[in-house]
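S.K.: This one is target.txt, compact mmCIF, C-alpha atoms.
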# COMPACT_ATOMS: atom_id res chain seq x y z
CA MET C 146 -11.92 -12.12 -7.81
CA PHE C 147 -14.18 -11.66 -4.76
CA LYS C 148 -14.62 -15.40 -4.31
CA LEU C 149 -10.90 -16.10 -4.74
CA ASN C 150 -10.07 -13.61 -1.99
CA PHE C 151 -12.95 -14.02 0.43
CA GLY C 152 -14.74 -17.24 -0.52
CA GLY C 153 -12.70 -19.40 1.85
CA VAL C 154 -12.35 -22.03 -0.87
CA ARG C 155 -10.32 -22.72 -4.01
CA ASN C 156 -11.83 -21.67 -7.33
CA ASP C 157 -13.19 -25.20 -7.81
CA ASP C 158 -14.93 -24.98 -4.39
CA THR C 159 -12.57 -27.47 -2.69
CA GLN C 160 -11.00 -26.46 0.62
CA THR C 161 -7.35 -26.26 1.61
CA PHE C 162 -7.67 -27.28 5.27
CA ARG C 163 -9.40 -29.94 7.33
CA THR C 164 -9.54 -30.71 11.02
CA LEU C 165 -7.83 -33.74 12.59
CA GLU C 166 -11.25 -35.38 12.61
CA GLY C 167 -11.48 -34.92 8.86
CA SER C 168 -14.15 -32.24 8.47
CA ASN C 169 -13.40 -29.43 6.03
CA LEU C 170 -12.35 -25.98 7.21
CA HIS C 171 -12.60 -22.72 5.32
CA GLY C 172 -9.20 -21.26 4.41
CA SER C 173 -7.59 -19.46 1.45
CA PHE C 174 -8.53 -16.05 2.86
CA PHE C 175 -6.92 -13.57 0.47
CA GLY C 176 -5.72 -16.64 -1.42
CA GLN C 177 -3.53 -17.76 1.46
CA SER C 178 -4.85 -17.71 5.04
CA SER C 179 -1.40 -16.81 6.31
CA PHE C 180 -2.12 -16.85 10.05
CA SER C 181 0.08 -19.91 10.04
CA GLN C 182 3.72 -20.84 9.61
CA LEU C 183 3.02 -22.48 6.27
CA ALA C 184 0.42 -21.43 3.74
CA ILE C 185 -1.24 -23.29 0.89
CA VAL C 186 -1.46 -21.05 -2.16
CA ASP C 187 -2.22 -21.39 -5.82
CA GLN C 188 0.91 -22.09 -7.85
CA ARG C 189 0.27 -18.95 -9.92
CA CYS C 190 0.62 -16.82 -6.78
CA VAL C 191 4.13 -18.01 -5.90
CA VAL C 192 7.07 -15.64 -6.32
CA LYS C 193 10.51 -17.24 -6.06
CA VAL C 194 13.06 -15.35 -3.99
CA ALA C 195 16.69 -16.01 -3.07
CA GLU C 196 17.17 -18.38 -0.16
CA ASN C 197 18.82 -15.73 2.02
CA THR C 198 15.84 -13.33 1.74
CA PRO C 199 14.72 -12.28 5.26
CA LEU C 200 11.12 -13.43 4.95
CA GLU C 201 9.90 -11.64 8.08
CA LEU C 202 10.69 -8.33 6.37
CA PHE C 203 9.02 -9.34 3.16
CA ALA C 204 5.79 -10.78 4.52
CA PRO C 205 3.91 -7.55 3.72
CA ILE C 206 5.48 -6.82 0.33
CA GLY C 207 3.05 -8.95 -1.66
CA CYS C 208 0.15 -6.75 -0.57
CA GLY C 209 0.71 -3.40 1.13
CA VAL C 210 4.18 -2.63 -0.16
CA GLN C 211 3.51 -3.43 -3.80
CA THR C 212 0.23 -1.50 -3.56
CA GLY C 213 1.82 1.72 -2.31
CA PHE C 214 5.01 1.46 -4.29
CA GLY C 215 3.26 0.19 -7.43
CA THR C 216 0.67 2.96 -7.39
CA VAL C 217 3.44 5.57 -7.39
CA VAL C 218 5.54 3.97 -10.13
CA ASN C 219 2.86 2.33 -12.29
CA VAL C 220 -0.39 4.24 -11.86
CA LEU C 221 0.78 7.77 -11.07
CA ASN C 222 4.14 7.30 -12.83
CA VAL C 223 5.80 9.92 -10.63
CA GLN C 224 8.89 11.48 -12.24
CA GLU C 225 11.95 13.27 -10.90
CA GLY C 226 11.04 16.74 -9.61
CA ASP C 227 7.30 15.99 -9.29
CA THR C 228 5.05 16.75 -6.31
CA VAL C 229 3.13 13.97 -4.50
CA ALA C 230 0.60 13.95 -1.65
CA ILE C 231 -0.01 10.74 0.30
CA PHE C 232 -3.11 10.47 2.50
CA GLY C 233 -2.74 7.96 5.30
CA VAL C 234 0.73 6.69 6.22
CA GLY C 235 0.24 3.13 7.32
CA ALA C 236 2.15 0.43 5.48
CA VAL C 237 0.59 1.29 2.09
CA GLY C 238 1.16 5.04 2.41
CA LEU C 239 4.73 4.59 3.64
CA SER C 240 5.43 2.28 0.73
CA ALA C 241 4.18 5.04 -1.53
CA VAL C 242 6.65 7.39 0.20
CA MET C 243 9.49 4.96 -0.59
CA GLY C 244 8.33 4.75 -4.21
CA ALA C 245 8.18 8.54 -4.54
CA LYS C 246 11.67 8.81 -3.07
CA VAL C 247 13.07 6.18 -5.44
CA ARG C 248 11.52 8.22 -8.29
CA ARG C 249 13.19 11.38 -6.87
CA ALA C 250 10.01 13.36 -6.35
CA LYS C 251 10.84 16.90 -5.23
CA VAL C 252 7.96 17.24 -2.79
CA ILE C 253 6.48 14.30 -0.83
CA ILE C 254 3.67 15.48 1.46
CA CYS C 255 2.18 13.03 3.97
CA ILE C 256 -1.16 13.61 5.66
CA ASP C 257 -2.26 11.63 8.73
CA LEU C 258 -3.80 12.04 12.18
CA VAL C 259 -1.13 10.10 14.10
CA GLU C 260 1.97 12.18 14.88
CA SER C 261 4.27 9.16 15.35
CA ARG C 262 3.38 7.92 11.88
CA LEU C 263 4.15 11.32 10.38
CA GLU C 264 7.52 11.11 12.08
CA THR C 265 8.14 7.68 10.53
CA ALA C 266 7.08 9.14 7.18
CA ARG C 267 9.69 11.91 7.53
CA LYS C 268 12.33 9.30 8.35
CA MET C 269 11.38 7.37 5.23
CA GLY C 270 11.47 10.29 2.82
CA ALA C 271 8.53 12.64 3.33
CA THR C 272 9.62 16.23 2.72
CA HIS C 273 6.51 17.70 4.39
CA THR C 274 3.92 16.35 6.81
CA ILE C 275 0.47 17.66 7.72
CA ASN C 276 -1.53 16.59 10.74
CA SER C 277 -5.00 16.77 9.24
CA SER C 278 -6.57 17.53 12.61
CA THR C 279 -4.83 20.88 12.74
CA GLY C 280 -5.23 22.70 9.47
CA ASP C 281 -6.75 23.32 6.08
CA VAL C 282 -5.13 20.49 4.12
CA VAL C 283 -6.03 21.86 0.66
CA ALA C 284 -4.61 25.32 1.40
CA LEU C 285 -1.46 23.91 3.00
CA ILE C 286 -0.77 21.62 0.05
CA ARG C 287 -1.16 24.49 -2.44
CA GLU C 288 1.23 26.56 -0.36
CA ILE C 289 3.83 23.78 -0.13
CA CYS C 290 3.63 23.01 -3.87
CA ASN C 291 3.63 26.72 -4.73
CA ALA C 292 1.06 25.88 -7.40
CA ASP C 293 -2.69 25.43 -7.86
CA GLY C 294 -2.33 22.01 -6.30
CA VAL C 295 -0.32 18.81 -6.27
CA MET C 296 0.61 16.78 -9.38
CA HIS C 297 -0.01 13.31 -7.91
CA ALA C 298 -2.01 12.05 -4.94
CA LEU C 299 -2.80 8.71 -3.36
CA ASP C 300 -5.37 7.80 -0.75
CA ALA C 301 -4.57 4.88 1.52
CA THR C 302 -7.24 5.68 4.11
CA GLY C 303 -10.37 4.57 2.27
CA VAL C 304 -12.32 7.30 4.08
CA PRO C 305 -14.71 8.91 1.56
CA LYS C 306 -14.25 12.43 3.04
CA VAL C 307 -10.48 12.08 2.73
CA VAL C 308 -10.83 10.97 -0.89
CA GLU C 309 -12.85 14.14 -1.58
CA THR C 310 -10.12 16.25 0.04
CA MET C 311 -7.48 14.44 -2.01
CA ILE C 312 -9.23 15.32 -5.27
CA GLN C 313 -9.58 18.96 -4.14
CA CYS C 314 -5.81 19.06 -3.60
CA LEU C 315 -5.04 18.23 -7.24
CA GLY C 316 -3.54 20.91 -9.45
CA THR C 317 -4.04 21.28 -13.19
CA LEU C 318 -3.70 17.88 -14.92
CA GLY C 319 -3.18 16.27 -11.53
CA ARG C 320 -3.96 12.60 -11.03
CA ALA C 321 -5.26 10.99 -7.85
CA ALA C 322 -5.38 7.27 -7.16
CA THR C 323 -7.58 5.40 -4.71
CA VAL C 324 -6.04 2.35 -3.04
CA GLY C 325 -7.63 2.47 0.42
CA ALA C 326 -10.83 0.44 0.62
CA PRO C 327 -14.03 1.93 2.06
CA ALA C 328 -17.17 -0.15 2.66
CA PRO C 329 -18.63 -1.44 -0.62
CA GLY C 330 -21.17 1.04 -1.98
CA SER C 331 -19.37 4.12 -0.59
CA GLN C 332 -19.77 7.25 -2.71
CA ILE C 333 -17.96 10.57 -2.88
CA SER C 334 -18.83 13.90 -4.36
CA VAL C 335 -16.69 15.64 -6.96
CA ASP C 336 -16.78 19.23 -8.24
CA VAL C 337 -17.39 18.22 -11.85
CA PHE C 338 -16.78 21.68 -13.29
CA LYS C 339 -13.36 22.00 -11.63
CA HIS C 340 -12.55 18.44 -12.60
CA LEU C 341 -13.05 19.23 -16.28
CA VAL C 342 -11.55 22.72 -16.34
CA MET C 343 -8.40 21.56 -14.56
CA GLY C 344 -8.21 18.25 -16.40
CA ARG C 345 -8.00 16.33 -13.16
CA GLN C 346 -8.03 12.54 -13.05
CA TYR C 347 -9.28 10.22 -10.31
CA VAL C 348 -8.45 6.55 -10.84
CA GLY C 349 -8.60 3.35 -8.83
CA SER C 350 -5.94 0.72 -8.52
CA ASN C 351 -5.77 -2.79 -7.13
CA GLN C 352 -2.29 -3.70 -5.85
CA GLY C 353 -0.77 -0.72 -7.68
CA ASP C 354 -1.26 -2.46 -11.05
CA SER C 355 1.75 -4.62 -10.10
CA ILE C 356 2.66 -7.96 -11.60
CA PRO C 357 4.22 -9.66 -8.56
CA GLN C 358 6.55 -11.99 -10.46
CA THR C 359 8.15 -9.58 -12.92
CA VAL C 360 11.57 -8.19 -12.12
CA SER C 361 10.96 -4.67 -13.39
CA TYR C 362 7.78 -2.66 -13.06
CA SER C 363 8.31 -1.38 -16.59
CA GLN C 364 7.55 -4.94 -17.77
CA SER C 365 4.05 -4.61 -16.42
CA PRO C 366 1.60 -5.02 -19.29
CA LEU C 367 -0.96 -3.23 -17.12
CA SER C 368 1.08 -0.03 -17.00
CA ARG C 369 -1.23 2.85 -17.91
CA SER C 370 1.37 5.54 -18.02
CA MET H 47 7.45 -6.17 -8.84
CA LEU H 48 8.46 -8.27 -5.82
CA PRO H 49 11.97 -9.25 -7.03
CA ARG H 50 12.52 -5.55 -7.82
CA LEU H 51 11.40 -4.53 -4.32
CA ILE H 52 13.74 -7.08 -2.71
CA GLU H 53 16.59 -5.76 -4.87
CA LEU H 54 15.80 -2.17 -3.82
CA HIS H 55 15.86 -3.27 -0.18
CA ALA H 56 19.31 -4.82 -0.68
CA GLN H 57 20.45 -1.44 -2.06
CA GLY H 58 19.11 0.31 1.03
CA LYS H 59 16.36 2.09 -0.92
CA LEU H 60 13.38 0.30 0.60
CA PRO H 61 13.71 0.58 4.39
CA VAL H 62 10.75 -1.66 5.25
CA GLU H 63 12.32 -2.28 8.69
CA GLU H 64 11.11 1.19 9.69
CA MET H 65 7.48 0.13 9.54
CA ILE H 66 7.61 -3.53 10.61
CA THR H 67 7.41 -4.91 14.14
CA VAL H 68 7.99 -8.65 14.51
CA TYR H 69 6.12 -10.62 17.21
CA GLU H 70 6.27 -14.27 18.17
CA VAL H 71 2.93 -15.87 17.42
CA GLY H 72 2.16 -16.32 21.12
CA ALA H 73 2.07 -12.52 21.45
CA PHE H 74 -0.56 -12.07 18.74
CA ALA H 75 -2.93 -10.28 21.13
CA GLU H 76 -0.22 -7.69 21.88
CA ALA H 77 0.35 -7.30 18.14
CA ILE H 78 -3.36 -6.59 17.58
CA ALA H 79 -3.45 -4.09 20.47
CA ASP H 80 -0.34 -2.29 19.15
CA VAL H 81 -1.79 -2.04 15.65
CA ARG H 82 -5.08 -0.69 17.04
CA SER H 83 -3.32 1.93 19.18
CA GLY H 84 -1.16 3.03 16.25
CA LYS H 85 2.09 2.06 18.00
CA THR H 86 2.80 -0.60 15.38
CA ILE H 87 2.37 0.10 11.70
CA LYS H 88 2.73 -3.41 10.29
CA ALA H 89 2.82 -6.42 12.59
CA VAL H 90 4.51 -9.58 11.36
CA LEU H 91 4.08 -12.83 13.30
CA ILE H 92 6.83 -15.42 13.39
CA TRP H 93 6.67 -19.01 14.51
CA PRO H 94 9.82 -19.74 16.54
CA LYS H 95 11.67 -22.88 15.40
Show the structure stored in the file as structure tokens.

M.R.:
Amino acid sequence: MFKLNFGGVRNDDTQTFRTLEGSNLHGSFFGQSSFSQLAIVDQRCVVKVAENTPLELFAPIGCGVQTGFGTVVNVLNVQEGDTVAIFGVGAVGLSAVMGAKVRRAKVIICIDLVESRLETARKMGATHTINSSTGDVVALIREICNADGVMHALDATGVPKVVETMIQCLGTLGRAATVGAPAPGSQISVDVFKHLVMGRQYVGSNQGDSIPQTVSYSQSPLSRS
Amino acid sequence: MLPRLIELHAQGKLPVEEMITVYEVGAFAEAIADVRSGKTIKAVLIWPK
């Protein structure tokens, strides 16, 4: 998986690009190297869409959007009336907001440092926003949920300290998912006793366990819920 | 997942426009600066025909 995404070559070590002079160039970054009008991808990665699809709006859906949305519907399996906390509202976090709204979550709390992004999050469906520079996130989330914590949480920041906070925000039987990437080797610390007593879960997900080509997420054979 | 997301967008339930800013490829440096400053959430480059 690492080589396919970052190796700069196809799986058989051949390269997708060469210069006009004929020497090989590395490409296939993330399986595509899309800093280009056309991209050379593996046939298995192609998803057919209708001809009238506005591609400029869907450029990010194969990565960030399916990660955020897929984590909410596949990994966390948010249901109507549930409470959700989303840490970091860039493209992945905002896609999680859209997923939580489609699933009719009752409470969608977004946490970020950038006020304009929190405003975008409210526009897209967040019911509550917290600027993490200004308050005790764990206490505020408990207060908003009117419970011992939130039922579902997602971290799109990849900052180890934020991941620790996310887990502390979980209520009884709450589940948190990591989708933001820290540096390889990053570690966090977890209150093991609380984790067991409250039956909390902390899981990871790559691309929100989505199968890009399937029409319905319920068809996903990876679905853990 | 992707066909489902496109369908949701057509139904108005996936407002990706809210988080996308489109730049012509010549303005890629501006796109990078806007992403770094937080002004742009997701930059998409297009190659004009």

S.K.: For chain H, which residues have at least one atom within 8 Å of chain C, if we go by all atoms listed in the file? Write them as a ChimeraX atom specification, please.

M.R.: /H:47-52,59-66,68,84-85,87-88,90-93

S.K.: What is the distance, in Å and to one decimal place, between atom CA of His55 of chain H and atom CA of Val71 of chain H?

M.R.: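 That distance, rounded to one decimal, is 25.2 Å.
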
S.K.: Would you compute the distance between atom CA of Ile254 of chain C and atom CA of Ala298 of chain C? Give it in Å to one decimal.

M.R.: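 Between atom CA of Ile254 of chain C and atom CA of Ala298 of chain C the gap works out to 9.2 Å.
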
S.K.: How many Å lie between atom CA of Gln160 of chain C and atom CA of Ala73 of chain H, rounded to one decimal?

M.R.: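 Taking atom CA of Gln160 of chain C and atom CA of Ala73 of chain H, their separation equals 28.3 Å.
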
S.K.: If you count all atoms listed in the file, which residues fall within 8 Å of Gly303 of chain C, apart from same-chain ones fewer than 2 positions away, as number ranges by chain?

M.R.: C: 300-301, 305, 307-308, 323-327

S.K.: Take the point (2.2, 23.1, 4.4) as written in the file and pick out every residue within 7 Å of it, counting all atoms listed in the file; give the list as a PyMOL selection string.

M.R.: chain C and resi 273+275+285-286+288-289

S.K.: Selection from above, C-alpha atoms, as a PDB file, keeping the file's coordinate frame, can you write it?

M.R.:
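Below you can see again_2.pdb, which holds the result:
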ATOM      1  CA  HIS C 273       6.510  17.700   4.390  1.00  0.00           C
ATOM      2  CA  ILE C 275       0.470  17.660   7.720  1.00  0.00           C
ATOM      3  CA  LEU C 285      -1.460  23.910   3.000  1.00  0.00           C
ATOM      4  CA  ILE C 286      -0.770  21.620   0.050  1.00  0.00           C
ATOM      5  CA  GLU C 288       1.230  26.560  -0.360  1.00  0.00           C
ATOM      6  CA  ILE C 289       3.830  23.780  -0.130  1.00  0.00           C
TER       7      ILE C 289
END

S.K.: Output: chain H of the preceding structure, restricted to C-alpha atoms, written as a short mmCIF file (atom, residue, chain, number, x, y, z; two decimals), in the first residue's frame.

M.R.:
data_model
loop_
_atom_site.label_atom_id
_atom_site.label_comp_id
_atom_site.auth_asym_id
_atom_site.auth_seq_id
_atom_site.Cartn_x
_atom_site.Cartn_y
_atom_site.Cartn_z
CA MET H 47 -19.42 5.34 -2.41
CA LEU H 48 -18.60 7.88 -5.14
CA PRO H 49 -21.74 7.36 -7.29
CA ARG H 50 -23.77 7.71 -4.06
CA LEU H 51 -21.99 10.97 -3.18
CA ILE H 52 -22.64 12.39 -6.66
CA GLU H 53 -26.30 11.42 -6.33
CA LEU H 54 -26.51 13.12 -2.92
CA HIS H 55 -24.99 16.26 -4.44
CA ALA H 56 -27.65 16.24 -7.18
CA GLN H 57 -30.27 16.10 -4.40
CA GLY H 58 -28.70 19.11 -2.71
CA LYS H 59 -27.54 17.06 0.29
CA LEU H 60 -23.79 17.29 -0.32
CA PRO H 61 -22.95 20.99 -0.73
CA VAL H 62 -19.28 20.48 -1.66
CA GLU H 63 -19.32 23.93 -3.34
CA GLU H 64 -19.14 25.45 0.14
CA MET H 65 -15.63 24.15 0.69
CA ILE H 66 -14.12 24.24 -2.81
CA THR H 67 -12.31 27.13 -4.47
CA VAL H 68 -11.40 26.66 -8.13
CA TYR H 69 -8.18 28.22 -9.52
CA GLU H 70 -6.74 28.22 -13.01
CA VAL H 71 -3.49 26.28 -12.98
CA GLY H 72 -1.45 29.44 -13.59
CA ALA H 73 -2.58 30.69 -10.18
CA PHE H 74 -1.32 27.63 -8.31
CA ALA H 75 0.93 29.74 -6.07
CA GLU H 76 -2.10 31.78 -4.95
CA ALA H 77 -3.96 28.52 -4.30
CA ILE H 78 -1.14 27.26 -2.07
CA ALA H 79 -0.98 30.59 -0.18
CA ASP H 80 -4.77 30.58 0.35
CA VAL H 81 -4.73 27.01 1.66
CA ARG H 82 -1.85 27.85 4.03
CA SER H 83 -3.60 30.95 5.38
CA GLY H 84 -6.84 29.03 5.90
CA LYS H 85 -8.80 31.22 3.45
CA THR H 86 -9.35 28.27 1.13
CA ILE H 87 -10.42 24.90 2.45
CA LYS H 88 -9.98 22.77 -0.67
CA ALA H 89 -8.25 24.17 -3.74
CA VAL H 90 -9.04 22.63 -7.11
CA LEU H 91 -6.90 23.49 -10.14
CA ILE H 92 -8.40 23.60 -13.61
CA TRP H 93 -6.64 23.68 -16.93
CA PRO H 94 -8.49 26.17 -19.17
CA LYS H 95 -9.40 24.75 -22.59
#
